[in-house]
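Heads up, coords25.txt below (compact mmCIF, C-alpha atoms):
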# COMPACT_ATOMS: atom_id res chain seq x y z
CA MET Q 80 0.00 0.00 0.00
CA SER Q 81 1.48 3.36 -1.05
CA GLN Q 82 1.56 6.31 1.30
CA THR Q 83 -0.34 9.40 0.23
CA THR Q 84 0.66 12.09 2.73
CA SER Q 85 2.08 15.44 1.64
CA PRO Q 86 5.58 15.48 0.14
CA THR Q 87 8.38 16.41 2.51
CA ALA Q 88 11.43 15.47 0.48
CA ARG Q 89 13.73 18.04 -1.09
CA LEU Q 90 14.12 17.60 -4.85
CA MET Q 91 17.57 16.82 -6.21
CA ASP Q 92 17.58 18.92 -9.38
CA GLY Q 93 19.73 17.04 -11.86
CA SER Q 94 18.81 19.35 -14.72
CA ALA Q 95 20.31 22.43 -13.05
CA LEU Q 96 23.50 20.67 -11.99
CA ALA Q 97 23.85 19.09 -15.43
CA ARG Q 98 23.63 22.51 -17.09
CA ARG Q 99 26.46 23.73 -14.91
CA MET Q 100 28.56 20.67 -15.71
CA VAL Q 101 27.98 21.08 -19.45
CA GLU Q 102 28.91 24.77 -19.27
CA GLU Q 103 32.15 23.86 -17.51
CA ALA Q 104 32.84 21.12 -20.07
CA ALA Q 105 32.23 23.63 -22.89
CA GLU Q 106 34.73 26.06 -21.36
CA ARG Q 107 37.35 23.33 -21.07
CA ALA Q 108 36.65 22.12 -24.60
CA ALA Q 109 37.08 25.63 -25.99
CA ALA Q 110 40.36 26.07 -24.14
CA LEU Q 111 41.65 22.72 -25.39
CA THR Q 112 40.62 23.49 -28.96
CA ALA Q 113 42.37 26.86 -28.81
CA ARG Q 114 45.52 25.27 -27.42
CA THR Q 115 45.75 22.22 -29.69
CA GLY Q 116 43.73 23.19 -32.75
CA GLN Q 117 41.63 20.07 -32.35
CA ALA Q 118 38.22 19.91 -30.68
CA PRO Q 119 37.29 16.93 -28.50
CA CYS Q 120 35.52 14.31 -30.59
CA LEU Q 121 32.98 11.71 -29.48
CA ALA Q 122 32.19 8.84 -31.84
CA THR Q 123 28.74 7.31 -31.46
CA VAL Q 124 28.05 3.85 -32.83
CA LEU Q 125 24.48 2.68 -33.43
CA VAL Q 126 23.46 -0.76 -34.66
CA GLY Q 127 20.05 -0.86 -36.31
CA ASP Q 128 17.35 1.77 -36.15
CA ASP Q 129 15.57 1.25 -32.84
CA PRO Q 130 13.55 4.49 -32.41
CA ALA Q 131 14.52 5.03 -28.77
CA SER Q 132 18.21 4.48 -29.51
CA VAL Q 133 18.08 6.78 -32.54
CA THR Q 134 16.52 9.48 -30.35
CA TYR Q 135 19.10 9.03 -27.59
CA VAL Q 136 22.02 9.25 -30.01
CA ARG Q 137 20.58 12.35 -31.68
CA MET Q 138 20.13 14.00 -28.27
CA LYS Q 139 23.70 13.19 -27.27
CA ARG Q 140 25.06 14.58 -30.54
CA ASN Q 141 23.06 17.79 -30.08
CA ARG Q 142 24.42 18.19 -26.57
CA CYS Q 143 27.94 17.63 -27.92
CA ALA Q 144 27.48 20.47 -30.40
CA LYS Q 145 26.36 22.83 -27.64
CA ALA Q 146 29.42 21.93 -25.58
CA GLY Q 147 31.91 22.46 -28.42
CA ILE Q 148 32.49 18.73 -28.80
CA GLN Q 149 32.60 17.27 -32.29
CA SER Q 150 30.61 14.11 -32.91
CA ARG Q 151 31.15 11.41 -35.45
CA HIS Q 152 28.22 9.07 -35.97
CA ILE Q 153 28.58 5.55 -37.30
CA ALA Q 154 25.26 3.93 -38.21
CA LEU Q 155 25.48 0.19 -38.83
CA PRO Q 156 22.76 -2.06 -40.23
CA ALA Q 157 20.71 -4.24 -37.87
CA ASP Q 158 22.31 -7.42 -39.27
CA THR Q 159 25.83 -6.30 -38.34
CA THR Q 160 27.78 -9.20 -36.81
CA THR Q 161 29.81 -9.14 -33.63
CA ALA Q 162 33.01 -9.35 -35.64
CA GLN Q 163 32.02 -6.41 -37.85
CA LEU Q 164 31.07 -4.30 -34.84
CA VAL Q 165 34.30 -5.16 -33.04
CA ASP Q 166 36.28 -4.19 -36.15
CA THR Q 167 34.48 -0.85 -36.41
CA ILE Q 168 35.12 -0.04 -32.75
CA GLY Q 169 38.74 -1.13 -33.11
CA GLU Q 170 39.21 1.32 -35.98
CA LEU Q 171 37.77 4.14 -33.87
CA SER Q 172 40.00 3.16 -30.96
CA ALA Q 173 43.04 3.49 -33.23
CA ASP Q 174 41.93 6.81 -34.75
CA PRO Q 175 43.77 9.75 -33.10
CA GLY Q 176 40.98 12.09 -34.21
CA VAL Q 177 38.50 10.29 -31.96
CA HIS Q 178 38.82 10.87 -28.22
CA GLY Q 179 35.77 9.06 -26.87
CA ILE Q 180 33.60 6.18 -28.06
CA LEU Q 181 29.97 5.53 -27.19
CA LEU Q 182 28.31 2.28 -28.27
CA GLN Q 183 24.59 2.81 -27.97
CA HIS Q 184 23.01 -0.20 -26.34
CA PRO Q 185 21.23 -2.53 -26.57
CA VAL Q 186 22.81 -3.75 -29.79
CA GLY Q 187 20.57 -6.70 -30.58
CA PRO Q 188 20.44 -10.27 -29.25
CA HIS Q 189 22.64 -11.68 -32.02
CA ILE Q 190 25.62 -9.54 -30.98
CA ASP Q 191 28.00 -10.28 -28.11
CA GLU Q 192 27.65 -6.90 -26.42
CA ARG Q 193 30.45 -7.55 -23.94
CA ALA Q 194 32.89 -8.34 -26.77
CA ALA Q 195 31.89 -5.08 -28.45
CA PHE Q 196 32.39 -3.09 -25.26
CA GLU Q 197 35.81 -4.64 -24.71
CA ALA Q 198 36.92 -3.47 -28.16
CA ILE Q 199 36.82 0.13 -26.86
CA ALA Q 200 40.27 1.37 -25.89
CA PRO Q 201 40.26 2.14 -22.13
CA GLU Q 202 41.47 5.70 -22.69
CA LYS Q 203 38.45 6.30 -24.95
CA ASP Q 204 35.87 4.51 -22.81
CA VAL Q 205 34.07 7.71 -21.82
CA ASP Q 206 30.85 5.75 -21.17
CA GLY Q 207 32.61 3.58 -18.60
CA VAL Q 208 31.47 0.22 -19.98
CA THR Q 209 34.65 -1.87 -20.24
CA ALA Q 210 36.00 -4.31 -17.69
CA HIS Q 211 39.00 -2.00 -17.34
CA SER Q 212 36.73 0.88 -16.32
CA PHE Q 213 34.81 -1.31 -13.87
CA ALA Q 214 38.06 -2.40 -12.25
CA ALA Q 215 39.19 1.22 -12.02
CA MET Q 216 35.90 2.20 -10.36
CA SER Q 217 36.14 -0.73 -7.96
CA LEU Q 218 39.76 -0.15 -7.00
CA GLY Q 219 39.76 3.65 -6.94
CA MET Q 220 42.18 3.88 -9.85
CA PRO Q 221 42.21 6.53 -12.60
CA GLY Q 222 39.69 5.88 -15.31
CA PHE Q 223 36.19 6.72 -16.45
CA ALA Q 224 33.09 6.04 -14.42
CA SER Q 225 29.99 4.54 -15.96
CA CYS Q 226 28.05 7.67 -16.80
CA THR Q 227 24.88 7.11 -14.80
CA PRO Q 228 26.72 5.99 -11.64
CA GLY Q 229 29.15 8.87 -12.08
CA GLY Q 230 26.25 11.29 -12.43
CA ILE Q 231 24.64 9.86 -9.30
CA MET Q 232 27.82 10.44 -7.30
CA SER Q 233 27.99 14.04 -8.55
CA LEU Q 234 24.39 14.60 -7.43
CA LEU Q 235 25.10 13.15 -3.98
CA ASP Q 236 28.14 15.40 -3.65
CA HIS Q 237 26.23 18.47 -4.82
CA TYR Q 238 23.58 17.92 -2.16
CA ASP Q 239 26.22 17.29 0.53
CA VAL Q 240 25.19 13.71 1.24
CA ASP Q 241 27.89 12.32 3.53
CA LEU Q 242 28.21 8.66 2.61
CA THR Q 243 30.69 7.64 5.30
CA GLY Q 244 29.19 4.92 7.44
CA LYS Q 245 25.80 5.14 5.70
CA HIS Q 246 23.92 2.06 4.56
CA ALA Q 247 23.39 2.23 0.82
CA VAL Q 248 21.05 -0.25 -0.84
CA VAL Q 249 21.27 -0.73 -4.61
CA VAL Q 250 18.25 -2.38 -6.21
CA GLY Q 251 19.59 -3.65 -9.52
CA ARG Q 252 22.79 -5.33 -10.67
CA SER Q 253 23.37 -4.36 -14.29
CA ALA Q 254 26.96 -4.11 -15.48
CA ILE Q 255 26.75 -0.40 -16.30
CA LEU Q 256 24.51 0.86 -13.47
CA GLY Q 257 23.79 -1.29 -10.43
CA ARG Q 258 27.15 -2.97 -10.00
CA PRO Q 259 29.39 0.04 -10.65
CA VAL Q 260 27.36 2.47 -8.51
CA GLY Q 261 27.74 0.05 -5.61
CA MET Q 262 31.51 0.06 -6.09
CA LEU Q 263 31.61 3.86 -6.17
CA LEU Q 264 29.52 4.05 -3.00
CA LEU Q 265 31.79 1.51 -1.30
CA GLY Q 266 34.77 3.61 -2.30
CA ARG Q 267 33.19 6.52 -0.43
CA ASN Q 268 32.94 4.48 2.77
CA ALA Q 269 29.29 3.53 2.55
CA THR Q 270 28.18 0.05 3.59
CA VAL Q 271 26.61 -1.39 0.45
CA THR Q 272 23.90 -4.00 -0.02
CA TYR Q 273 23.02 -5.23 -3.51
CA CYS Q 274 19.46 -6.39 -4.11
CA HIS Q 275 17.92 -7.81 -7.26
CA SER Q 276 15.02 -9.77 -8.72
CA ARG Q 277 15.79 -12.83 -6.59
CA THR Q 278 16.34 -11.04 -3.30
CA ALA Q 279 14.17 -12.52 -0.56
CA ASP Q 280 12.09 -9.97 1.41
CA LEU Q 281 13.30 -6.94 -0.52
CA THR Q 282 11.41 -4.54 1.73
CA ALA Q 283 13.40 -5.68 4.77
CA HIS Q 284 16.52 -4.41 2.99
CA THR Q 285 15.12 -1.18 1.54
CA ARG Q 286 13.75 -0.12 4.92
CA GLU Q 287 17.31 -0.18 6.27
CA ALA Q 288 18.68 2.08 3.51
CA ASP Q 289 20.01 5.52 4.37
CA VAL Q 290 20.63 5.89 0.63
CA LEU Q 291 18.51 3.92 -1.85
CA ILE Q 292 19.51 3.55 -5.50
CA ALA Q 293 16.61 2.28 -7.61
CA ALA Q 294 17.95 0.75 -10.82
CA VAL Q 295 15.71 -2.22 -11.48
CA GLY Q 296 14.01 -1.07 -14.70
CA ARG Q 297 10.42 -1.56 -13.56
CA ALA Q 298 7.95 1.31 -13.36
CA ARG Q 299 6.99 2.43 -9.84
CA PHE Q 300 8.52 -0.73 -8.42
CA LEU Q 301 9.37 0.80 -5.03
CA HIS Q 302 6.95 2.71 -2.80
CA GLY Q 303 7.12 4.97 0.21
CA ASP Q 304 6.14 2.26 2.68
CA GLN Q 305 9.30 0.38 1.68
CA LEU Q 306 11.59 3.25 2.70
CA LYS Q 307 13.37 4.27 5.86
CA PRO Q 308 12.09 7.70 7.00
CA GLY Q 309 14.55 10.38 5.92
CA ALA Q 310 16.25 8.22 3.30
CA VAL Q 311 17.96 9.71 0.26
CA VAL Q 312 16.26 8.20 -2.79
CA ILE Q 313 17.99 8.13 -6.17
CA ASP Q 314 15.66 6.94 -8.93
CA ALA Q 315 17.83 5.82 -11.84
CA GLY Q 316 14.95 4.23 -13.72
CA TYR Q 317 13.23 5.54 -16.81
CA ASN Q 318 10.17 3.71 -18.03
CA ALA Q 319 7.32 4.24 -20.46
CA GLY Q 320 5.18 7.20 -19.51
CA ASN Q 321 8.12 9.22 -18.12
CA VAL Q 322 8.08 7.41 -14.80
CA GLY Q 323 10.92 5.99 -12.78
CA ASP Q 324 11.42 2.86 -10.70
CA VAL Q 325 10.08 4.65 -7.61
CA ASP Q 326 6.50 5.71 -6.94
CA PHE Q 327 7.36 9.38 -6.56
CA ALA Q 328 4.35 10.64 -4.60
CA SER Q 329 4.54 8.06 -1.83
CA ALA Q 330 8.35 8.10 -1.66
CA ALA Q 331 8.53 11.89 -1.47
CA ALA Q 332 6.37 11.76 1.65
CA VAL Q 333 9.01 9.69 3.43
CA ALA Q 334 12.40 10.60 1.97
CA SER Q 335 14.59 13.58 2.86
CA LEU Q 336 16.00 13.93 -0.66
CA ILE Q 337 14.67 12.45 -3.88
CA THR Q 338 15.40 12.68 -7.61
CA PRO Q 339 12.48 13.38 -9.93
CA VAL Q 340 11.88 11.52 -13.20
CA PRO Q 341 12.50 13.17 -15.57
CA GLY Q 342 14.95 15.86 -14.47
CA GLY Q 343 17.00 13.92 -11.95
CA VAL Q 344 19.52 11.27 -12.93
CA GLY Q 345 18.93 11.42 -16.71
CA PRO Q 346 20.48 14.84 -17.40
CA MET Q 347 23.42 13.94 -15.17
CA THR Q 348 24.20 10.89 -17.31
CA ILE Q 349 24.67 12.96 -20.46
CA ALA Q 350 26.54 15.72 -18.61
CA THR Q 351 28.96 13.12 -17.25
CA LEU Q 352 29.48 11.69 -20.74
CA LEU Q 353 30.38 15.13 -22.12
CA ALA Q 354 32.67 15.98 -19.19
CA GLN Q 355 34.49 12.66 -19.54
CA THR Q 356 34.88 13.17 -23.29
CA VAL Q 357 36.67 16.45 -22.62
CA ASP Q 358 38.74 14.70 -19.94
CA ALA Q 359 39.72 12.02 -22.44
CA ALA Q 360 40.68 14.55 -25.10
CA THR Q 361 42.74 16.49 -22.58
CA ARG Q 362 44.63 13.40 -21.44
CA GLN Q 363 45.26 12.26 -25.00
CA ALA Q 364 46.52 15.70 -25.98
CA GLY Q 365 48.90 15.58 -23.04
CA ALA Q 366 50.11 12.11 -24.00
CA ALA Q 367 50.59 13.20 -27.60
CA GLY Q 368 52.44 16.29 -26.56
Could you render the structure from this file as C-alpha cells?
Amino acid sequence: MSQTTSPTARLMDGSALARRMVEEAAERAAALTARTGQAPCLATVLVGDDPASVTYVRMKRNRCAKAGIQSRHIALPADTTTAQLVDTIGELSADPGVHGILLQHPVGPHIDERAAFEAIAPEKDVDGVTAHSFAAMSLGMPGFASCTPGGIMSLLDHYDVDLTGKHAVVVGRSAILGRPVGMLLLGRNATVTYCHSRTADLTAHTREADVLIAAVGRARFLHGDQLKPGAVVIDAGYNAGNVGDVDFASAAAVASLITPVPGGVGPMTIATLLAQTVDAATRQAGAAG
C-alpha cells in the first residue's frame, strides 16, 4: 500500500546541476581546442534503427554540439555481426581524431555486447562500460566512471550527502549501473547492499537504507512504505510514460532527498558523458604532446 501524505522530500535537481557541468565542459573544450587546434571528438556507434536508440544518439550529438564537442556518428545495419562491430570499434579506438567512443546499447540479441564493449580502448571509454573501467571504479584507480553511476555520485556530492558509514542499498545489478554504482559508494565508505530480482524480502533491505539507488528497470517498483524515513532516494529508472522505478508521490512523503523523473539522474548521465569526453581529449593531448 502506497503512502499518500504530503511530500516532505527536497528535490535533487539534476537538470540544473547538469547545465552547470555542461557549461564547464564547454569552457574546457574551448580552451583545449584553442591550445591544440583540435576539438574533443565523441564517436557514437548505433546498430540498427531502434527508435529510442536513434533518439538518444541524436540528443547526445546535439548536446555535444552545444558543448563544443565534435561528434562522429557511425550507423550500422541491424544485421551487423559481432566481428564487424568489433572491427568498427577497433578502428575508432586506433583513430587519433577520436577521443571518446559511445556504443549505444542494446545492440541486438545476435551480438556479443560484452565483446563489443571490450573493443573500446580504455582511454576512450568515456561511457565507462569496459571491464578496465569497472576495475578502475572498484579499486579507486584513474579511469572513467559509468556515466549514470558517475552522475549519481555528482548529485550526492552536490547535495552534501555524507556517505561515510551510511547504509546504501542498490536495487539492480546491471553491469553499467547497479554494480558500478555500488563500487563507487563503497569507495566513499558507505556500507553497500546489492538487491535484485531474486532477493528474498526486498522490503526488509530497503527499509534499512540511508541511501537507496533504484535501478531495477520496472515502473513504480518501489513505494514509500518500503523506505526508511529520511532516506535519500535516487531513482535511476526511466520507463514508459516518463516514470521511474520509484512511486514518486509516496516516496517523497518519506524521503529527505529524492530525484524526480524526468529531471534527476537522466540529465546527469549525459553531462557526465560530455565531461568525460573532454577529460579524455585532454589526457590524449597531453600524451601526444
* Near region 192-206 of chain Q, within 10 Å and counting all atoms listed in the file, which residues show up once chain neighbours fewer than 5 positions away are dropped, as a PyMOL selection string? -> chain Q and resi 121-122+161-173+177-187+211-212+222-227+229+254-255+348-349+351-360+362-363
* To do: Find, counting only C-alpha atoms, the residue in Q:Gly261, Q:Pro175, Q:Gly323, Q:Gly230 that gets nearest to Ala118 (chain Q).
  => Q:Pro175
* Rounded to one decimal place, report the CA of Gln149 (chain Q)-CA of Val126 (chain Q) distance in Å. =>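 Rounded to one decimal, the two atoms are 20.4 Å apart.
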* Atomic distance CA of Val340 (chain Q) - CA of Ala328 (chain Q), expressed in Å with one decimal ->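 Atom-to-atom, CA of Val340 (chain Q) to CA of Ala328 (chain Q), that is 11.5 Å.
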* Measure the distance from CA of Pro228 (chain Q) to CA of Val260 (chain Q) in Å and round it to one decimal. =>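 Taking CA of Pro228 (chain Q) as the start and CA of Val260 (chain Q) as the end point, the length is 4.8 Å.
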* Asked: So, counting all atoms listed in the file, which residue among Q:Asp280, Q:Asp314, Q:Glu103, Q:Asp326 is closest to Gly343 (chain Q)?
  ->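 Smallest distance to Gly343 (chain Q) is found for Q:Asp314.
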* To do: Would you kindly identify which residues have an atom no farther than 6 Å from (29.7, 11.1, -31.2), using all atoms listed in the file and the file's own coordinates, and write them out as a VMD selection string?
  => chain Q and resid 121 to 123 140 150 to 152
* Nearest residue to Ala157 (chain Q) from the set Q:Gly309, Q:Gly176, Q:Pro188, Q:Gly127 (distances using all atoms listed in the file) -> Q:Gly127
* So which residues touch region 296-301 of chain Q within 8 Å, counting all atoms listed in the file, skipping near sequence neighbours fewer than 3 positions away, as number ranges by chain? -> Q: 293, 305, 316-319, 322-327
* Identify, on the basis of only C-alpha atoms, every residue whose closest approach to region 234-240 of chain Q does not exceed 12 Å; exclude the query and any residue fewer than 6 positions from it along the same chain; express the result as a PyMOL selection string. => chain Q and resi 89-97+99-100+227-228+247+260+263-264+267+269+289-292+310-315+335-338+342-348+350-351
